[in-house]
file data21.cif (mmCIF, C-alpha atoms)
data_model
#
loop_
_atom_site.label_atom_id
_atom_site.label_comp_id
_atom_site.auth_asym_id
_atom_site.auth_seq_id
_atom_site.Cartn_x
_atom_site.Cartn_y
_atom_site.Cartn_z
CA MET N 1 21.40 -24.88 -11.31
CA GLY N 2 21.79 -22.82 -14.47
CA PRO N 3 24.77 -23.54 -16.66
CA SER N 4 27.83 -21.55 -15.75
CA ARG N 5 29.27 -19.34 -18.42
CA ALA N 6 32.98 -19.36 -18.98
CA GLY N 7 34.60 -16.22 -17.64
CA ALA N 8 31.78 -15.29 -15.28
CA PRO N 9 32.68 -15.98 -11.64
CA ALA N 10 30.15 -18.47 -10.36
CA ALA N 11 28.27 -17.62 -7.20
CA PRO N 12 28.23 -20.52 -4.71
CA VAL N 13 25.06 -22.56 -4.87
CA ALA N 14 23.77 -24.65 -1.94
CA GLY N 15 22.68 -28.24 -2.58
CA ASN N 16 24.07 -31.74 -2.78
CA ALA N 17 24.03 -32.47 -6.50
CA VAL N 18 26.25 -31.46 -9.40
CA ALA N 19 25.16 -31.97 -13.00
CA ILE N 20 27.80 -32.63 -15.65
CA LYS N 21 26.27 -31.19 -18.77
CA ASN N 22 27.60 -29.60 -21.96
CA PHE N 23 31.16 -30.08 -20.75
CA ALA N 24 30.64 -28.11 -17.54
CA PHE N 25 30.03 -28.83 -13.87
CA SER N 26 26.86 -27.17 -12.67
CA PRO N 27 26.88 -25.45 -10.28
CA ALA N 28 30.52 -24.50 -10.78
CA THR N 29 30.77 -23.71 -7.08
CA LEU N 30 28.74 -25.87 -4.73
CA LYS N 31 28.41 -24.95 -1.05
CA VAL N 32 27.70 -27.75 1.47
CA LYS N 33 28.00 -28.43 5.20
CA VAL N 34 30.40 -31.03 6.60
CA GLY N 35 28.90 -34.50 6.38
CA THR N 36 27.05 -33.84 3.14
CA THR N 37 27.17 -36.48 0.44
CA VAL N 38 27.47 -34.83 -2.95
CA THR N 39 26.45 -36.71 -6.08
CA TRP N 40 27.68 -35.92 -9.58
CA ALA N 41 25.61 -37.14 -12.54
CA ASN N 42 26.93 -37.18 -16.10
CA GLN N 43 24.28 -36.02 -18.57
CA ASP N 44 26.67 -35.72 -21.54
CA THR N 45 27.17 -38.21 -24.34
CA ASP N 46 30.91 -38.11 -23.69
CA ALA N 47 32.60 -39.52 -20.59
CA HIS N 48 33.89 -37.34 -17.76
CA THR N 49 35.66 -37.73 -14.43
CA VAL N 50 35.43 -35.95 -11.09
CA THR N 51 39.04 -35.66 -9.94
CA SER N 52 40.66 -33.43 -7.32
CA ALA N 53 43.01 -30.84 -8.79
CA GLY N 54 46.64 -31.28 -7.81
CA SER N 55 47.69 -34.29 -5.75
CA GLY N 56 46.31 -35.58 -2.49
CA GLY N 57 42.68 -34.49 -2.95
CA PRO N 58 39.83 -36.85 -2.06
CA LEU N 59 37.84 -36.85 -5.31
CA HIS N 60 38.70 -39.77 -7.61
CA SER N 61 35.81 -40.97 -9.72
CA ALA N 62 36.13 -43.62 -12.36
CA ALA N 63 35.33 -42.55 -15.91
CA LEU N 64 31.64 -41.67 -15.82
CA ASN N 65 29.79 -42.70 -18.92
CA THR N 66 26.43 -41.16 -19.86
CA HIS N 67 24.02 -41.31 -16.89
CA ALA N 68 26.71 -42.62 -14.54
CA THR N 69 27.00 -41.03 -11.08
CA TYR N 70 29.69 -40.55 -8.46
CA SER N 71 29.20 -39.67 -4.80
CA TYR N 72 31.54 -38.45 -2.09
CA THR N 73 30.88 -37.50 1.55
CA PHE N 74 32.84 -34.45 2.69
CA THR N 75 34.05 -34.94 6.26
CA LYS N 76 36.34 -31.91 6.61
CA PRO N 77 35.68 -28.23 5.97
CA GLY N 78 37.62 -26.60 3.15
CA THR N 79 37.63 -25.66 -0.50
CA TYR N 80 37.87 -28.61 -2.86
CA ALA N 81 38.89 -27.81 -6.43
CA TYR N 82 38.35 -30.53 -9.03
CA LEU N 83 38.38 -31.14 -12.76
CA CYS N 84 37.61 -33.68 -15.43
CA THR N 85 40.90 -35.35 -16.36
CA ILE N 86 39.62 -36.18 -19.84
CA HIS N 87 38.60 -32.56 -20.48
CA PRO N 88 40.75 -30.63 -18.03
CA PHE N 89 39.32 -27.28 -19.08
CA MET N 90 36.27 -28.38 -17.07
CA THR N 91 36.94 -27.14 -13.54
CA ALA N 92 34.74 -26.53 -10.49
CA THR N 93 34.81 -26.24 -6.70
CA VAL N 94 33.02 -27.56 -3.64
CA GLU N 95 33.08 -25.31 -0.56
CA VAL N 96 32.57 -27.28 2.64
CA THR N 97 31.65 -25.29 5.77
CA PRO N 98 31.57 -26.52 9.40
CA MET R 1 65.35 -50.64 -24.25
CA SER R 2 65.29 -47.82 -26.74
CA ASP R 3 67.63 -49.69 -29.10
CA TYR R 4 64.61 -51.54 -30.37
CA TYR R 5 63.37 -48.33 -31.95
CA ASN R 6 66.67 -46.74 -32.81
CA SER R 7 67.94 -48.97 -35.56
CA HIS R 8 69.09 -46.52 -38.21
CA ASP R 9 67.99 -46.67 -41.80
CA GLU R 10 65.88 -49.75 -41.59
CA ALA R 11 62.25 -50.35 -40.89
CA PRO R 12 61.44 -50.83 -37.22
CA ALA R 13 61.64 -54.48 -36.26
CA GLY R 14 58.26 -55.97 -36.95
CA ASP R 15 56.34 -58.01 -34.46
CA ALA R 16 52.96 -57.48 -36.07
CA GLY R 17 52.11 -58.61 -39.56
CA ARG R 18 54.09 -60.32 -42.26
CA PRO R 19 57.57 -59.31 -43.38
CA ASP R 20 57.64 -56.84 -46.26
CA THR R 21 59.55 -58.64 -48.99
CA GLU R 22 58.79 -56.30 -51.88
CA HIS R 23 56.59 -53.36 -52.61
CA GLY R 24 54.53 -55.40 -55.02
CA MET R 25 53.19 -52.64 -57.20
CA THR R 26 54.12 -51.07 -60.49
CA ARG R 27 54.36 -47.34 -60.87
CA ARG R 28 51.38 -47.33 -63.19
CA GLN R 29 49.23 -49.13 -60.64
CA LEU R 30 50.30 -46.72 -57.98
CA LEU R 31 49.55 -43.70 -60.15
CA ARG R 32 46.13 -45.09 -60.86
CA HIS R 33 45.68 -45.70 -57.18
CA ALA R 34 46.67 -42.13 -56.42
CA GLY R 35 43.61 -41.07 -58.37
CA TRP R 36 41.47 -42.54 -55.60
CA PHE R 37 42.66 -39.90 -53.24
CA GLY R 38 40.76 -36.67 -53.08
CA GLY R 39 42.51 -33.46 -52.18
CA ALA R 40 46.05 -33.98 -51.02
CA VAL R 41 48.23 -31.65 -49.05
CA VAL R 42 51.68 -31.79 -50.56
CA LEU R 43 54.63 -30.50 -48.64
CA THR R 44 57.63 -29.50 -50.64
CA VAL R 45 60.78 -28.57 -48.81
CA ALA R 46 63.13 -26.33 -50.72
CA SER R 47 65.81 -23.97 -49.44
CA GLY R 48 64.76 -24.68 -45.88
CA GLU R 49 61.17 -23.57 -46.46
CA VAL R 50 58.11 -25.72 -46.40
CA ILE R 51 55.58 -25.02 -49.10
CA SER R 52 52.20 -26.60 -48.41
CA HIS R 53 49.33 -26.53 -50.83
CA ILE R 54 46.31 -28.51 -51.86
CA ALA R 55 46.73 -30.55 -55.02
CA ASP R 56 44.02 -32.51 -56.78
CA SER R 57 44.60 -35.98 -58.09
CA ARG R 58 45.32 -34.71 -61.62
CA GLY R 59 47.75 -32.10 -60.41
CA THR R 60 51.46 -32.44 -60.93
CA ASN R 61 52.10 -32.43 -57.21
CA ALA R 62 49.85 -35.38 -56.58
CA GLY R 63 51.62 -37.05 -59.48
CA ALA R 64 54.97 -36.31 -57.91
CA ALA R 65 53.72 -37.65 -54.60
CA ALA R 66 52.50 -40.79 -56.30
CA ALA R 67 55.82 -41.17 -58.04
CA ALA R 68 57.54 -40.81 -54.68
CA ALA R 69 55.28 -43.43 -53.21
CA ALA R 70 55.89 -45.75 -56.15
CA ASP R 71 59.65 -45.59 -55.79
CA ILE R 72 61.27 -48.69 -54.48
CA GLY R 73 62.64 -47.74 -51.12
CA ALA R 74 60.22 -44.87 -50.59
CA LEU R 75 58.64 -44.59 -47.16
CA ARG R 76 54.90 -44.99 -46.93
CA PHE R 77 53.09 -44.99 -43.64
CA VAL R 78 49.55 -44.54 -42.40
CA GLN R 79 48.10 -42.55 -39.51
CA VAL R 80 44.79 -43.56 -37.94
CA SER R 81 43.40 -41.77 -34.91
CA ASP R 82 40.73 -41.50 -32.26
CA SER R 83 39.00 -44.85 -32.67
CA HIS R 84 37.38 -44.46 -29.21
CA ILE R 85 36.64 -48.18 -28.93
CA GLY R 86 33.95 -48.46 -26.25
CA PHE R 87 32.16 -45.21 -27.10
CA GLN R 88 28.40 -45.61 -27.16
CA GLY R 89 26.21 -42.75 -28.24
CA PRO R 90 24.13 -41.32 -31.04
CA ALA R 91 27.21 -39.72 -32.65
CA ASN R 92 28.29 -43.23 -33.70
CA MET R 93 26.43 -46.34 -32.62
CA ASP R 94 29.17 -48.63 -33.96
CA VAL R 95 32.68 -47.26 -33.46
CA ALA R 96 34.12 -50.78 -33.72
CA GLY R 97 32.47 -51.13 -37.13
CA SER R 98 33.89 -47.79 -38.26
CA PHE R 99 37.37 -48.74 -37.08
CA THR R 100 37.07 -52.06 -38.91
CA GLU R 101 36.23 -50.12 -42.07
CA ALA R 102 39.28 -47.93 -41.51
CA ILE R 103 41.46 -51.03 -41.12
CA ASN R 104 40.01 -52.50 -44.31
CA GLN R 105 40.81 -49.25 -46.06
CA VAL R 106 44.42 -49.40 -44.86
CA ASN R 107 44.59 -52.95 -46.21
CA SER R 108 43.29 -51.90 -49.62
CA LEU R 109 45.46 -48.84 -50.18
CA GLY R 110 47.23 -50.69 -52.95
CA PHE R 111 50.53 -50.74 -51.09
CA ARG R 112 51.69 -52.19 -47.83
CA PRO R 113 52.47 -49.32 -45.44
CA ASP R 114 55.85 -49.53 -43.73
CA PHE R 115 54.04 -48.86 -40.48
CA VAL R 116 50.76 -47.61 -39.08
CA MET R 117 50.65 -45.03 -36.28
CA HIS R 118 47.52 -44.81 -34.14
CA SER R 119 47.76 -41.32 -32.68
CA GLY R 120 45.70 -41.91 -29.57
CA ASP R 121 42.29 -42.30 -28.03
CA LEU R 122 42.45 -45.91 -29.03
CA THR R 123 39.82 -46.56 -26.35
CA HIS R 124 37.06 -44.45 -24.88
CA LEU R 125 37.39 -45.35 -21.21
CA SER R 126 40.82 -47.01 -20.77
CA THR R 127 39.32 -50.33 -19.68
CA THR R 128 41.29 -53.55 -20.05
CA GLY R 129 38.57 -54.95 -22.30
CA GLN R 130 38.71 -51.94 -24.62
CA PHE R 131 42.53 -52.05 -24.80
CA ASP R 132 42.37 -55.77 -25.61
CA GLN R 133 39.74 -55.18 -28.28
CA VAL R 134 41.60 -52.39 -30.08
CA ARG R 135 44.92 -54.25 -29.88
CA GLN R 136 43.32 -57.32 -31.39
CA MET R 137 41.63 -55.27 -34.13
CA MET R 138 44.92 -53.64 -35.09
CA THR R 139 46.61 -57.02 -35.59
CA GLY R 140 44.41 -57.18 -38.71
CA MET R 141 46.32 -54.31 -40.33
CA GLN R 142 48.65 -55.50 -43.07
CA THR R 143 51.77 -53.61 -42.14
CA ASP R 144 55.18 -54.35 -40.66
CA ARG R 145 54.62 -52.54 -37.44
CA VAL R 146 51.90 -50.75 -35.48
CA PHE R 147 52.91 -47.80 -33.32
CA THR R 148 50.73 -45.89 -30.86
CA VAL R 149 50.72 -42.83 -28.66
CA PRO R 150 48.15 -42.54 -25.85
CA GLY R 151 45.23 -40.13 -25.80
CA GLU R 152 43.65 -38.74 -22.66
CA HIS R 153 40.91 -41.36 -23.07
CA ASP R 154 43.66 -44.01 -22.82
CA SER R 155 45.02 -42.67 -19.55
CA ILE R 156 41.93 -42.12 -17.41
CA GLY R 157 42.57 -42.36 -13.70
CA ASP R 158 45.85 -44.30 -13.84
CA ALA R 159 48.30 -41.93 -15.57
CA GLY R 160 48.52 -44.35 -18.50
CA ARG R 161 49.54 -47.51 -16.64
CA ALA R 162 46.93 -49.78 -18.29
CA TYR R 163 47.87 -48.35 -21.70
CA ARG R 164 51.57 -49.00 -21.15
CA ARG R 165 50.95 -52.57 -20.02
CA ILE R 166 49.70 -53.35 -23.53
CA PHE R 167 51.32 -50.74 -25.75
CA GLY R 168 54.33 -49.50 -23.79
CA MET R 169 56.82 -52.27 -24.45
CA GLY R 170 60.19 -50.85 -25.40
CA THR R 171 59.21 -47.25 -24.71
CA LEU R 172 60.93 -44.79 -22.40
CA GLY R 173 59.61 -42.77 -19.47
CA ASP R 174 55.83 -42.58 -19.57
CA GLY R 175 55.65 -44.14 -23.03
CA TRP R 176 57.63 -41.92 -25.39
CA TYR R 177 60.15 -43.19 -27.97
CA SER R 178 61.88 -42.43 -31.25
CA PHE R 179 62.97 -44.41 -34.26
CA ASP R 180 64.52 -43.96 -37.69
CA THR R 181 63.54 -45.36 -41.05
CA HIS R 182 64.09 -44.35 -44.68
CA GLY R 183 66.27 -41.45 -43.59
CA VAL R 184 63.49 -39.88 -41.51
CA HIS R 185 63.67 -39.45 -37.74
CA PHE R 186 60.40 -40.12 -35.90
CA ILE R 187 59.54 -39.04 -32.36
CA ALA R 188 56.41 -40.23 -30.56
CA LEU R 189 55.40 -38.05 -27.62
CA VAL R 190 52.97 -38.47 -24.72
CA ASN R 191 51.08 -35.30 -23.82
CA THR R 192 47.93 -36.64 -22.19
CA LEU R 193 49.14 -37.23 -18.63
CA SER R 194 49.06 -34.75 -15.72
CA LEU R 195 46.63 -32.54 -17.57
CA GLU R 196 45.77 -29.11 -16.25
CA LYS R 197 43.59 -27.44 -18.85
CA LEU R 198 45.96 -28.28 -21.75
CA GLY R 199 48.16 -31.08 -23.01
CA HIS R 200 51.44 -31.43 -21.13
CA LEU R 201 54.83 -32.97 -21.95
CA GLY R 202 56.83 -32.45 -18.76
CA ASN R 203 60.53 -31.78 -18.28
CA ASP R 204 61.62 -35.44 -18.40
CA GLN R 205 60.16 -35.82 -21.86
CA ILE R 206 61.53 -32.49 -23.07
CA ASP R 207 64.99 -33.62 -21.90
CA PHE R 208 64.47 -36.83 -23.85
CA VAL R 209 63.72 -34.84 -27.01
CA ARG R 210 66.77 -32.62 -26.46
CA LYS R 211 69.10 -35.62 -26.17
CA ASP R 212 67.32 -37.48 -28.95
CA LEU R 213 67.80 -34.66 -31.46
CA ALA R 214 71.31 -33.71 -30.34
CA GLY R 215 73.22 -35.94 -32.75
CA LEU R 216 71.08 -35.36 -35.82
CA SER R 217 72.11 -33.33 -38.83
CA SER R 218 69.80 -30.38 -39.47
CA ASP R 219 68.80 -31.70 -42.87
CA THR R 220 67.29 -34.87 -41.35
CA PRO R 221 63.53 -34.78 -41.94
CA ILE R 222 61.73 -34.99 -38.58
CA VAL R 223 58.23 -36.31 -37.96
CA VAL R 224 56.71 -35.82 -34.49
CA PHE R 225 53.61 -37.70 -33.35
CA SER R 226 51.46 -36.64 -30.41
CA HIS R 227 47.81 -37.02 -29.50
CA ILE R 228 47.01 -33.44 -28.48
CA PRO R 229 48.20 -30.78 -30.94
CA LEU R 230 51.60 -29.22 -30.24
CA PHE R 231 50.24 -25.94 -31.62
CA ALA R 232 47.50 -23.76 -30.15
CA MET R 233 44.57 -24.97 -32.23
CA TYR R 234 41.93 -23.96 -29.69
CA PRO R 235 43.16 -23.72 -26.10
CA GLN R 236 39.66 -22.97 -24.76
CA TRP R 237 38.80 -26.60 -25.46
CA GLY R 238 42.19 -27.92 -24.39
CA TRP R 239 43.43 -28.23 -27.99
CA SER R 240 46.97 -27.14 -27.22
CA THR R 241 50.00 -28.29 -25.20
CA ASP R 242 51.16 -25.96 -22.44
CA ASP R 243 54.90 -26.67 -22.70
CA ALA R 244 55.13 -27.52 -26.41
CA LEU R 245 57.17 -24.40 -27.21
CA LYS R 246 60.17 -25.97 -25.48
CA VAL R 247 60.06 -28.82 -28.00
CA ILE R 248 59.28 -26.48 -30.90
CA ALA R 249 62.44 -24.52 -30.02
CA LEU R 250 64.49 -27.72 -30.28
CA LEU R 251 62.99 -28.44 -33.72
CA ARG R 252 63.68 -25.02 -35.23
CA ARG R 253 67.11 -25.85 -36.61
CA PHE R 254 65.80 -28.65 -38.84
CA SER R 255 64.90 -27.91 -42.43
CA SER R 256 61.77 -30.05 -42.48
CA VAL R 257 59.57 -30.89 -39.47
CA THR R 258 56.13 -32.44 -39.72
CA CYS R 259 53.96 -32.75 -36.59
CA LEU R 260 51.06 -35.19 -36.85
CA ASN R 261 48.39 -35.23 -34.13
CA GLY R 262 44.87 -36.45 -33.41
CA HIS R 263 42.52 -35.40 -30.61
CA VAL R 264 40.49 -32.78 -32.49
CA HIS R 265 38.59 -35.22 -34.76
CA GLN R 266 38.98 -33.01 -37.85
CA LEU R 267 41.51 -32.10 -40.48
CA PHE R 268 43.51 -28.97 -39.94
CA THR R 269 46.87 -27.85 -41.30
CA LYS R 270 49.08 -25.02 -40.17
CA THR R 271 52.58 -24.06 -41.24
CA ASP R 272 54.84 -22.14 -38.88
CA GLY R 273 58.27 -21.53 -40.39
CA ASN R 274 60.03 -24.88 -40.82
CA ILE R 275 57.28 -26.80 -39.04
CA THR R 276 53.99 -28.00 -40.51
CA PHE R 277 51.25 -29.31 -38.21
CA HIS R 278 48.58 -31.69 -39.45
CA SER R 279 45.62 -32.60 -37.26
CA ALA R 280 44.08 -35.89 -38.37
CA THR R 281 40.45 -36.83 -38.39
CA THR R 282 38.93 -39.67 -36.39
CA THR R 283 37.44 -43.06 -37.17
CA ALA R 284 34.73 -42.59 -34.50
CA TYR R 285 32.70 -39.35 -34.50
CA PRO R 286 33.14 -35.71 -35.49
CA LEU R 287 33.69 -32.81 -33.10
CA PRO R 288 32.65 -29.23 -33.82
CA LYS R 289 35.00 -26.77 -35.44
CA PRO R 290 36.79 -24.59 -32.88
CA GLY R 291 34.33 -22.25 -31.18
CA ARG R 292 31.42 -23.27 -33.40
CA ALA R 293 29.61 -24.92 -30.48
CA PRO R 294 29.41 -24.28 -26.72
CA ALA R 295 31.61 -27.33 -26.06
CA PRO R 296 33.55 -30.03 -27.95
CA THR R 297 30.56 -32.36 -27.83
CA PRO R 298 30.36 -35.43 -30.11
CA GLN R 299 28.41 -34.26 -33.15
CA VAL R 300 25.38 -36.21 -34.32
CA VAL R 301 25.18 -36.06 -38.11
CA PRO R 302 23.35 -38.13 -40.75
CA ALA R 303 24.98 -41.48 -41.55
CA ARG R 304 26.33 -40.36 -44.92
CA GLN R 305 27.81 -37.21 -43.43
CA LEU R 306 29.37 -39.27 -40.64
CA LYS R 307 31.35 -41.36 -43.12
CA GLU R 308 32.57 -38.21 -44.82
CA ALA R 309 33.87 -36.90 -41.50
CA LEU R 310 35.84 -40.07 -40.73
CA GLY R 311 39.00 -41.21 -42.45
CA ILE R 312 42.60 -42.31 -42.57
CA ARG R 313 45.81 -40.55 -43.58
CA SER R 314 48.72 -41.84 -45.63
CA VAL R 315 52.12 -40.20 -45.87
CA GLY R 316 54.76 -40.76 -48.51
CA TYR R 317 58.39 -39.75 -48.46
CA ARG R 318 61.22 -40.44 -50.90
CA GLN R 319 64.66 -40.40 -49.40
CA GLY R 320 66.80 -37.54 -50.63
CA ASP R 321 63.91 -35.52 -52.02
CA ARG R 322 63.02 -33.83 -48.74
CA GLU R 323 59.40 -33.96 -49.74
CA LEU R 324 56.61 -35.34 -47.59
CA ALA R 325 53.19 -35.97 -49.10
CA VAL R 326 50.32 -36.05 -46.61
CA LYS R 327 47.09 -37.46 -48.02
CA ASP R 328 43.83 -37.61 -46.14
CA GLN R 329 41.19 -40.00 -47.34
CA ARG R 330 37.58 -40.32 -46.21
CA LEU R 331 36.21 -43.67 -45.15
CA ALA R 332 35.02 -45.24 -48.39
#
call {"tool": "encode", "arguments": {"input": "data21.cif", "output": "structure tokens"}}
result
Amino acid sequence: MGPSRAGAPAAPVAGNAVAIKNFAFSPATLKVKVGTTVTWANQDTDAHTVTSAGSGGPLHSAALNTHATYSYTFTKPGTYAYLCTIHPFMTATVEVTP
Amino acid sequence: MSDYYNSHDEAPAGDAGRPDTEHGMTRRQLLRHAGWFGGAVVLTVASGEVISHIADSRGTNAGAAAAAAADIGALRFVQVSDSHIGFQGPANMDVAGSFTEAINQVNSLGFRPDFVMHSGDLTHLSTTGQFDQVRQMMTGMQTDRVFTVPGEHDSIGDAGRAYRRIFGMGTLGDGWYSFDTHGVHFIALVNTLSLEKLGHLGNDQIDFVRKDLAGLSSDTPIVVFSHIPLFAMYPQWGWSTDDALKVIALLRRFSSVTCLNGHVHQLFTKTDGNITFHSATTTAYPLPKPGRAPAPTPQVVPARQLKEALGIRSVGYRQGDRELAVKDQRLA
């Protein structure tokens, strides 16, 4: 779970946790199987959100203050792009496989 | 609904604070007061060009600005920004205390500002409690009227609905509006909704600006407020607005345009032809200079340094002179 560097395409990382640290989601691309519950944990001193990009996506966290977490269980395969609406340059993806 | 803000050549109707019966200050007092300011950026508009330079308090330009501010009928307003009420962290353990100090400073400027603009991030997390708290705090500002634009921290998860419930009365669309006073045309824009990497205005709002400016003579001084900068200050951190050039194009024909924003928690000035952009500092906590850190993380600095990073801004304008004086002042 090393920090992703801007510009470098992130290799998918298996797991069920995403750290929000230094204004980045880590791993930037998380790979999970259907039915996995993924938990995001904010380790920054600023607030962040986990919000699906575009409209109609399933990820809608509240504002996550320091140490706050958000969980979502992926029930359908697909690629889920999301961002922090407060800092929309923070983007990441969850890849859900059958 | 917009009529409320569009009354020409008079101060916006006040619903906060006492009526302004007189300016209550002699020129000498004002000049002495002007000495309290540190460096001032003075904008002089001549032959359609904006000349911006730093003047110290003894300089003739600061004197001219003070004279402008002392004139009966001159416009004087204040910009505060990024109070982040609700923020808790080592970068500032008491943002409410800092904002209170900023309000006290507004109230002891030595003149009663015609209005105060809070340029966004009033709250940290857009909660009802935080909106109530900041609204209540701002009723303590001795001015005729308090205006706001939302920051992205004021529109988390609800596209600004909670913000507009408290601060959106009389506004158009998603919270934008315009008004006129002292011969200056003011536009307040919302660029913190529907964010994708950068600030965003949207076509509805750009159409509003087009129609709003249509009837104005090109020598009308224009002031534009927004939370996120309308210029590309540092797009890597989202410090830019993706469709701002459409508004900039509409502003090009005017001889004097001043864009005042928050968001970046630091002073920055840039002149681009007829348009001068001024980023304001915050009353909450500093952010790094563009690119000087891996991310725009709240900066933890010693207490004394924190106060020096926070502040308020006052702006003076004398009708007919086409000169705007922008003065930034640290928290005392």
call {"tool": "closest_atom_pairs", "arguments": {"input": "data21.cif", "of": "chain R", "to": "chain N", "cutoff": "9 Å", "atoms": "only C-alpha atoms", "output": "tab-separated table"}}
result
residue	atom	partner	partner_atom	distance
R:Phe87	CA	N:Asp46	CA	8.0
R:Gln88	CA	N:Thr45	CA	8.0
R:Gly89	CA	N:Thr45	CA	6.1
R:Pro90	CA	N:Thr45	CA	8.0
R:Ala91	CA	N:Thr45	CA	8.4
R:His124	CA	N:Ala47	CA	7.9
R:Leu125	CA	N:Ala63	CA	6.3
R:Ser126	CA	N:Ala63	CA	8.6
R:Glu152	CA	N:Ile86	CA	5.5
R:His153	CA	N:Ile86	CA	6.2
R:Ser155	CA	N:Ile86	CA	8.4
R:Ile156	CA	N:Ala63	CA	6.8
R:Gly157	CA	N:Ala62	CA	6.7
R:Thr192	CA	N:Ile86	CA	8.6
R:Leu193	CA	N:Thr85	CA	8.8
R:Ser194	CA	N:Thr85	CA	8.2
R:Leu195	CA	N:Pro88	CA	6.2
R:Glu196	CA	N:Pro88	CA	5.5
R:Lys197	CA	N:Phe89	CA	4.3
R:Leu198	CA	N:Pro88	CA	6.8
R:Gly199	CA	N:Pro88	CA	8.9
R:Pro235	CA	N:Phe89	CA	8.8
R:Gln236	CA	N:Phe89	CA	7.1
R:Trp237	CA	N:Phe89	CA	6.4
R:Gly238	CA	N:Phe89	CA	6.1
R:Pro294	CA	N:Asn22	CA	7.4
R:Ala295	CA	N:Phe23	CA	6.0
R:Pro296	CA	N:Phe23	CA	7.6
R:Thr297	CA	N:Asp46	CA	7.1
R:Pro298	CA	N:Asp46	CA	7.0
call {"tool": "atom_distance", "arguments": {"input": "data21.cif", "atom1": "atom CA of Ser83 of chain R", "atom2": "atom CA of Asp328 of chain R"}}
result
16.0 Å
call {"tool": "atom_distance", "arguments": {"input": "data21.cif", "atom1": "atom CA of Arg292 of chain R", "atom2": "atom CA of Asn92 of chain R"}}
result
20.2 Å
call {"tool": "atom_distance", "arguments": {"input": "data21.cif", "atom1": "atom CA of Asp174 of chain R", "atom2": "atom CA of His200 of chain R"}}
result
12.1 Å
call {"tool": "residues_around", "arguments": {"input": "data21.cif", "residues": "segment 209-212 of chain R", "least_positions_apart": "3", "cutoff": "9 Å", "atoms": "all atoms listed in the file", "output": "PyMOL selection string"}}
result
chain R and resi 178+187+189+204-206+215-216+247+250
call {"tool": "residues_around", "arguments": {"input": "data21.cif", "residues": "segment 282-288 of chain R", "least_positions_apart": "2", "cutoff": "8 Å", "atoms": "all atoms listed in the file", "output": "ChimeraX atom specification"}}
result
/R:80-84,91-92,95,98-99,102,262,264-266,280,290-293,296-300,306,309-312
call {"tool": "residues_around", "arguments": {"input": "data21.cif", "residues": "Val34 of chain N", "least_positions_apart": "2", "cutoff": "10 Å", "atoms": "only C-alpha atoms", "output": "VMD selection string"}}
result
chain N and resid 31 to 32 36 to 37 73 to 78 95 to 98
